[in-house]
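Asker: My structure is in start_26.tsv, and what it holds is TSV, C-alpha atoms:
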chain	number	residue	atom	x	y	z
A	1	MET	CA	-15.70	-11.85	1.73
A	2	GLY	CA	-17.43	-9.17	-0.31
A	3	PHE	CA	-16.23	-7.48	-3.44
A	4	ASP	CA	-15.90	-4.15	-1.63
A	5	ASN	CA	-13.29	-5.65	0.63
A	6	LEU	CA	-11.20	-6.76	-2.31
A	7	LEU	CA	-11.45	-3.43	-4.12
A	8	VAL	CA	-10.18	-1.33	-1.17
A	9	GLY	CA	-6.66	-2.40	-2.10
A	10	SER	CA	-6.97	-1.05	-5.62
A	11	ASN	CA	-8.04	2.39	-4.34
A	12	ILE	CA	-5.06	2.50	-2.01
A	13	SER	CA	-2.57	1.54	-4.73
A	14	ALA	CA	-4.18	3.92	-7.23
A	15	SER	CA	-3.77	6.79	-4.78
A	16	GLY	CA	-0.11	5.89	-4.40
A	17	LEU	CA	0.42	5.81	-8.17
A	18	SER	CA	-1.32	9.13	-8.57
A	19	ALA	CA	0.64	10.82	-5.79
A	20	GLU	CA	4.03	9.62	-7.05
A	21	ARG	CA	3.17	10.62	-10.59
A	22	LEU	CA	2.35	14.15	-9.43
A	23	ARG	CA	5.62	14.23	-7.53
A	24	MET	CA	7.49	13.25	-10.72
A	25	GLU	CA	5.69	16.01	-12.64
A	26	VAL	CA	6.70	18.58	-10.04
A	27	ILE	CA	10.31	17.35	-10.22
A	28	ALA	CA	10.21	17.58	-14.02
A	29	ASN	CA	8.96	21.13	-13.71
A	30	ASN	CA	11.76	22.00	-11.29
A	31	VAL	CA	14.40	20.60	-13.61
A	32	ALA	CA	12.92	22.31	-16.68
A	33	ASN	CA	13.00	25.66	-14.84
A	34	ALA	CA	16.40	25.18	-13.23
A	35	MET	CA	17.75	28.33	-14.86
A	36	ALA	CA	14.59	30.41	-15.16
A	37	THR	CA	15.53	33.84	-13.82
A	38	ARG	CA	12.10	35.27	-14.50
A	39	THR	CA	8.54	34.18	-13.75
A	40	PRO	CA	5.29	35.45	-15.31
A	41	GLY	CA	3.81	38.59	-13.80
A	42	GLY	CA	7.19	40.26	-13.36
A	43	GLY	CA	8.15	37.86	-10.61
A	44	GLY	CA	11.71	37.03	-9.77
A	45	ALA	CA	13.56	33.79	-10.32
A	46	PHE	CA	11.71	30.48	-10.24
A	47	ARG	CA	11.44	28.81	-6.84
A	48	ARG	CA	11.60	25.02	-6.71
A	49	GLN	CA	8.47	23.24	-5.58
A	50	GLU	CA	7.77	20.21	-3.44
A	51	VAL	CA	4.71	18.03	-2.91
A	52	LEU	CA	3.25	17.40	0.52
A	53	PHE	CA	1.90	13.91	1.15
A	54	GLU	CA	-0.55	12.86	3.83
A	55	ALA	CA	-1.75	9.38	4.75
A	56	ILE	CA	-5.50	8.82	4.48
A	57	LEU	CA	-6.88	7.01	7.50
A	58	ASN	CA	-10.66	7.15	7.67
A	59	ASP	CA	-11.92	7.37	11.19
A	60	GLN	CA	-15.24	5.72	10.45
A	61	ALA	CA	-14.12	2.65	12.35
A	62	GLY	CA	-15.29	2.50	15.95
A	63	PRO	CA	-12.96	2.00	18.91
A	64	GLY	CA	-11.08	-1.27	18.73
A	65	GLU	CA	-11.76	-1.66	15.01
A	66	SER	CA	-9.23	-1.40	12.24
A	67	PRO	CA	-8.86	2.10	10.79
A	68	GLY	CA	-10.19	2.57	7.27
A	69	LEU	CA	-7.21	2.58	4.95
A	70	GLY	CA	-7.43	5.13	2.17
A	71	GLY	CA	-3.91	5.35	0.77
A	72	VAL	CA	-2.16	8.67	0.37
A	73	ARG	CA	-3.28	12.16	-0.53
A	74	VAL	CA	-1.36	15.12	-1.93
A	75	VAL	CA	-2.10	17.98	0.44
A	76	GLY	CA	-0.50	20.58	-1.78
A	77	VAL	CA	2.37	21.71	-3.94
A	78	VAL	CA	4.45	24.27	-2.05
A	79	ASP	CA	7.40	26.50	-2.83
A	80	ASP	CA	10.72	25.68	-1.24
A	81	PRO	CA	11.42	28.66	1.02
A	82	THR	CA	15.24	28.33	1.09
A	83	GLU	CA	17.22	31.32	-0.04
A	84	LEU	CA	17.75	31.74	-3.77
A	85	PRO	CA	21.44	31.56	-4.69
A	86	ARG	CA	23.15	34.43	-6.44
A	87	ILE	CA	25.66	33.95	-9.23
A	88	HIS	CA	28.14	36.56	-10.36
A	89	ASP	CA	27.39	37.16	-14.05
A	90	PRO	CA	27.52	40.89	-14.98
A	91	GLY	CA	26.70	40.21	-18.63
A	92	HIS	CA	23.34	38.57	-17.82
A	93	PRO	CA	20.22	40.64	-18.73
A	94	ASP	CA	18.82	40.09	-15.23
A	95	ALA	CA	22.01	41.00	-13.37
A	96	ASP	CA	21.54	43.52	-10.58
A	97	ALA	CA	23.66	46.61	-9.90
A	98	GLU	CA	26.49	44.54	-8.42
A	99	GLY	CA	26.51	42.10	-11.33
A	100	PHE	CA	24.81	39.25	-9.45
A	101	VAL	CA	21.97	37.19	-10.91
A	102	THR	CA	19.45	35.52	-8.62
A	103	VAL	CA	18.90	31.99	-9.90
A	104	PRO	CA	16.42	29.27	-8.90
A	105	ASN	CA	17.17	27.12	-5.83
A	106	VAL	CA	17.07	23.96	-7.97
A	107	PHE	CA	19.96	21.55	-7.45
A	108	LEU	CA	19.99	18.80	-10.02
A	109	PRO	CA	21.50	16.06	-7.81
A	110	ILE	CA	18.69	16.55	-5.30
A	111	GLU	CA	16.05	16.51	-8.01
A	112	MET	CA	17.54	13.36	-9.52
A	113	VAL	CA	17.57	11.53	-6.19
A	114	ASN	CA	13.96	12.58	-5.58
A	115	LEU	CA	13.07	11.37	-9.05
A	116	MET	CA	14.60	7.98	-8.35
A	117	THR	CA	12.71	7.71	-5.07
A	118	ALA	CA	9.42	8.64	-6.71
A	119	SER	CA	10.11	6.28	-9.59
A	120	ARG	CA	10.81	3.36	-7.33
A	121	ALA	CA	7.76	4.09	-5.22
A	122	TYR	CA	5.66	4.19	-8.41
A	123	GLU	CA	6.98	0.78	-9.44
A	124	ALA	CA	6.30	-0.65	-6.00
A	125	ASN	CA	2.71	0.60	-6.05
A	126	MET	CA	2.30	-0.91	-9.52
A	127	LYS	CA	3.57	-4.24	-8.25
A	128	VAL	CA	1.12	-4.22	-5.35
A	129	LEU	CA	-1.73	-3.46	-7.74
A	130	GLN	CA	-0.75	-6.27	-10.11
A	131	ASN	CA	-0.56	-8.60	-7.16
A	132	LEU	CA	-4.09	-7.67	-6.15
A	133	ARG	CA	-5.32	-8.41	-9.64
A	134	GLN	CA	-3.79	-11.89	-9.46
A	135	GLN	CA	-5.51	-12.52	-6.14
A	136	LEU	CA	-8.85	-11.39	-7.54
A	137	GLU	CA	-8.45	-13.75	-10.47
A	138	GLN	CA	-7.64	-16.60	-8.11
A	139	THR	CA	-10.79	-15.87	-6.13
A	140	LEU	CA	-12.78	-16.01	-9.34
A	141	THR	CA	-11.52	-19.54	-10.01
A	142	LEU	CA	-13.57	-20.62	-6.99
A	143	LEU	CA	-16.63	-20.00	-9.12
A	144	ARG	CA	-15.50	-22.47	-11.72
A	145	TYR	CA	-16.63	-26.10	-12.10
B	1	MET	CA	-31.56	-35.90	17.20
B	2	ASN	CA	-28.03	-37.19	16.95
B	3	PRO	CA	-26.39	-36.44	13.62
B	4	THR	CA	-25.35	-39.51	11.70
B	5	GLY	CA	-21.79	-40.03	10.51
B	6	ALA	CA	-22.38	-38.31	7.15
B	7	ALA	CA	-24.03	-35.29	8.75
B	8	LYS	CA	-21.11	-34.94	11.18
B	9	THR	CA	-18.65	-34.83	8.29
B	10	MET	CA	-20.79	-32.19	6.61
B	11	ASN	CA	-20.57	-30.05	9.76
B	12	LEU	CA	-16.78	-30.18	9.82
B	13	SER	CA	-16.58	-29.27	6.14
B	14	THR	CA	-18.59	-26.15	6.73
B	15	GLN	CA	-16.35	-25.26	9.65
B	16	ARG	CA	-13.24	-25.74	7.54
B	17	MET	CA	-14.72	-23.54	4.85
B	18	GLU	CA	-15.60	-20.90	7.43
B	19	PHE	CA	-12.09	-21.07	8.82
B	20	LEU	CA	-10.49	-20.77	5.39
B	21	SER	CA	-12.84	-17.94	4.53
B	22	ARG	CA	-11.70	-16.21	7.70
B	23	LEU	CA	-8.05	-16.70	6.80
B	24	LEU	CA	-8.75	-15.30	3.34
B	25	ASP	CA	-10.32	-12.21	4.91
B	26	VAL	CA	-7.19	-11.68	7.00
B	27	ALA	CA	-4.96	-12.15	3.94
B	28	THR	CA	-7.02	-9.55	2.10
B	29	LEU	CA	-6.69	-7.15	5.02
B	30	ARG	CA	-2.98	-7.81	5.11
B	31	HIS	CA	-2.72	-6.93	1.42
B	32	ASP	CA	-4.57	-3.67	2.03
B	33	VAL	CA	-2.21	-2.77	4.86
B	34	ILE	CA	0.82	-3.53	2.67
B	35	ALA	CA	-0.75	-1.40	-0.08
B	36	GLN	CA	-1.24	1.42	2.43
B	37	ASN	CA	2.40	1.20	3.53
B	38	VAL	CA	3.68	1.21	-0.06
B	39	ALA	CA	1.41	4.11	-1.06
B	40	ASN	CA	2.78	6.09	1.90
B	41	VAL	CA	6.45	5.23	1.47
B	42	ASN	CA	7.24	8.93	0.90
B	43	THR	CA	4.80	10.45	3.38
B	44	PRO	CA	6.63	12.36	6.12
B	45	GLY	CA	6.03	11.07	9.63
B	46	TYR	CA	4.18	7.94	8.47
B	47	GLU	CA	4.58	4.82	10.60
B	48	THR	CA	4.44	1.36	9.03
B	49	LEU	CA	1.30	-0.64	9.82
B	50	GLU	CA	0.90	-4.37	10.20
B	51	VAL	CA	-1.87	-6.89	10.86
B	52	SER	CA	-1.86	-8.73	14.16
B	53	PHE	CA	-3.87	-11.94	13.97
B	54	GLU	CA	-1.82	-15.10	14.42
B	55	GLU	CA	-1.43	-14.76	18.18
B	56	ALA	CA	-5.10	-14.01	18.71
B	57	LEU	CA	-5.92	-16.99	16.51
B	58	GLN	CA	-3.59	-19.24	18.50
B	59	GLU	CA	-5.34	-18.18	21.68
B	60	ALA	CA	-8.80	-18.66	20.24
B	61	LEU	CA	-8.00	-22.13	18.93
B	62	GLY	CA	-6.14	-23.29	22.02
B	63	ASN	CA	-6.67	-27.00	22.45
B	64	ASP	CA	-10.01	-26.85	20.72
B	65	ALA	CA	-10.04	-29.37	17.89
B	66	LEU	CA	-12.97	-27.61	16.27
B	67	LEU	CA	-11.78	-24.78	14.08
B	68	ASP	CA	-13.69	-21.97	15.74
B	69	ALA	CA	-11.79	-18.87	14.72
B	70	SER	CA	-14.70	-16.51	15.26
B	71	ARG	CA	-13.29	-15.19	18.52
B	72	ALA	CA	-10.03	-14.02	16.94
B	73	THR	CA	-10.20	-10.65	15.18
B	74	PRO	CA	-7.42	-9.18	13.07
B	75	LYS	CA	-6.12	-5.81	14.22
B	76	VAL	CA	-4.27	-3.16	12.25
B	77	ILE	CA	-1.49	-1.85	14.48
B	78	PRO	CA	1.66	0.22	13.98
B	79	GLY	CA	4.77	-1.93	13.71
B	80	ALA	CA	7.09	-3.99	11.52
B	81	GLY	CA	8.74	-0.86	10.13
B	82	GLY	CA	12.36	-0.30	9.30
B	83	VAL	CA	14.75	2.43	10.42
B	84	GLU	CA	13.17	5.88	10.71
B	85	ARG	CA	14.52	8.24	8.07
B	86	SER	CA	15.04	11.99	8.24
B	87	ASP	CA	11.47	12.75	7.16
B	88	GLY	CA	10.06	10.59	9.95
B	89	ASN	CA	8.96	7.80	7.62
B	90	ASN	CA	9.93	4.25	8.58
B	91	VAL	CA	8.52	2.19	5.71
B	92	ASP	CA	11.07	-0.29	4.35
B	93	ILE	CA	9.89	-0.87	0.81
B	94	ASP	CA	11.88	-4.06	0.32
B	95	LEU	CA	10.40	-5.64	3.44
B	96	GLU	CA	6.94	-4.64	2.24
B	97	ILE	CA	7.42	-6.23	-1.18
B	98	GLY	CA	8.71	-9.35	0.55
B	99	ARG	CA	5.59	-9.44	2.71
B	100	LEU	CA	3.51	-8.88	-0.38
B	101	HIS	CA	4.87	-12.01	-2.05
B	102	LYS	CA	4.53	-14.06	1.13
B	103	ASN	CA	0.95	-12.96	1.66
B	104	SER	CA	0.21	-13.65	-1.98
B	105	LEU	CA	1.39	-17.21	-1.55
B	106	TYR	CA	-0.76	-17.73	1.53
B	107	PHE	CA	-3.73	-16.29	-0.36
B	108	LYS	CA	-3.15	-18.79	-3.15
B	109	VAL	CA	-2.92	-21.68	-0.70
B	110	TYR	CA	-6.15	-20.69	1.07
B	111	THR	CA	-7.97	-20.26	-2.24
B	112	GLN	CA	-6.89	-23.68	-3.45
B	113	LEU	CA	-7.82	-25.35	-0.16
B	114	LEU	CA	-11.21	-23.66	-0.34
B	115	ALA	CA	-11.61	-24.84	-3.93
B	116	THR	CA	-10.90	-28.40	-2.79
B	117	GLU	CA	-13.57	-28.12	-0.08
B	118	LEU	CA	-16.09	-26.82	-2.58
B	119	ALA	CA	-15.23	-29.61	-5.00
B	120	GLN	CA	-15.89	-32.19	-2.27
B	121	PHE	CA	-19.23	-30.53	-1.57
B	122	ARG	CA	-20.15	-30.65	-5.20
B	123	SER	CA	-19.27	-34.30	-5.57
B	124	ALA	CA	-21.22	-35.07	-2.38
B	125	ILE	CA	-24.25	-33.28	-3.84
B	126	ALA	CA	-23.84	-34.98	-7.20
B	127	GLY	CA	-23.66	-38.29	-5.42
B	128	ARG	CA	-20.41	-39.32	-7.09
Here is the file; what I need is its structure written in the form of structure tokens.
Answerer:
Amino acid sequence: MGFDNLLVGSNISASGLSAERLRMEVIANNVANAMATRTPGGGGAFRRQEVLFEAILNDQAGPGESPGLGGVRVVGVVDDPTELPRIHDPGHPDADAEGFVTVPNVFLPIEMVNLMTASRAYEANMKVLQNLRQQLEQTLTLLRY
Amino acid sequence: MNPTGAAKTMNLSTQRMEFLSRLLDVATLRHDVIAQNVANVNTPGYETLEVSFEEALQEALGNDALLDASRATPKVIPGAGGVERSDGNNVDIDLEIGRLHKNSLYFKVYTQLLATELAQFRSAIAGR
């Protein structure tokens, strides 16, 4: 039972923590820009973003062996391609000829639910990591006496 | 040369320690698999993984009184997931945390049993 074996778990949990934290940052950005009708560079309204997760399974193991577990990886942060809603607001500086303003496709209830999911996942990863630390400390007690 | 009574006992102790060490390895692997499942709880299309060992162990032990677990190898296989959600993920986080605590307990038991074995060794060496 080598040390490397025991530390694999911490890499996996750390990747989970990192991925969920990034997800929460992206959600925070979406919420902050929920009414941003302009983007830098003369772009149109803000488009909400999502993170793409991918499981890391190292294929170094031979046939019949357990796959190397590597946790999770964020493949990228992508724009949500759904159509941007239009609100009728003729007085708005960015209203078009018909008096409609194109606003971001951010819906707060969806963002809040995603935030709760990410939050809970973050806590769960934290719990797994703390658990691992306890186990490592127990193994160290074998060296005592 | 036939081993005397004391030497025979020493053999069994080493086997018990090997066996416990093996079980500890499996518990560590199990923790890693649980960690993998929890880290991927929001990954689309991810299927829950589990460790299959107890049945292989049962087979390897059979009616053999000697604890030779070397023939049983733990395998990481898909399974033990919950209901598949709309993003294709079937990790049930509550089940995973439950498994985490259970595995933790087993780990503690194995460690303490191993500590007892080592203590016996030490007192045998010290001659007390």
Asker: Tell me, in Å to one decimal, how far atom CA of A:Met126 is from atom CA of B:Glu47.
Answerer: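 Rounded to one decimal, the two atoms are 21.0 Å apart.
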Asker: Atom CA of B:Gln36 to atom CA of B:Tyr110: how many Å, to one decimal?
Answerer: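 Atom CA of B:Tyr110 lies 22.7 Å from atom CA of B:Gln36.
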Asker: What are the residues of chain B lining chain A at 7 Å or less? Count only C-alpha atoms, and put the answer as a list in words.
Answerer: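 Listing them in order of chain and number gives Asp25, Thr28, His31, Asp32, Ala35, Gln36, Val38, Ala39, Asn40, Val41, Thr43, Lys75, Val76, Thr111 and Ala115 of chain B.
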Asker: One decimal, in Å: what's the spacing between atom CA of B:Glu84 and atom CA of B:Glu96?
Answerer: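 Atom-to-atom, atom CA of B:Glu84 to atom CA of B:Glu96, that is 14.9 Å.
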Asker: What are the centre and edge lengths in Å, to one decimal, of the axis-aligned box around all listed atoms of stretch 40-43 of chain A with 8 Å added on each side, as JSON?
Answerer:
{"center_x": 6.0, "center_y": 37.9, "center_z": -13.0, "size_x": 20.3, "size_y": 20.8, "size_z": 20.7}
Asker: Between A:Ala34, A:Leu22, A:Glu50, A:Pro40, which has the minimum distance to A:Pro109 (counting all atoms listed in the file)?
Answerer: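 Comparing A:Ala34, A:Leu22, A:Glu50, A:Pro40 against A:Pro109, the winner is A:Ala34.
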Asker: List the spatial neighbours of stretch 86-89 of chain A as an NGL selection string - criterion: any atom at most 9 Å away, only C-alpha atoms, same-chain residues fewer than 4 positions off excluded.
Answerer: :A and (95 or 98-104)
Asker: Closest to B:Asn90 among B:Leu49, B:Ile34, B:Leu105, B:Leu61, using all atoms listed in the file?
Answerer: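 Of the candidates, the smallest distance to B:Asn90 is held by B:Leu49.
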Asker: Check the smallest atom-to-atom distance from each of B:Gln112, B:Gln120, B:Ser104, B:Thr48 to B:Ser21 using only C-alpha atoms, then report the winner.
Answerer: B:Gln112
Asker: Using only C-alpha atoms and a cutoff of 9 Å, can you tell me which residues are near (2.3, 24.0, -1.1) in the file's coordinates, and write them out as a PyMOL selection string?
Answerer: chain A and resi 49-52+75-80
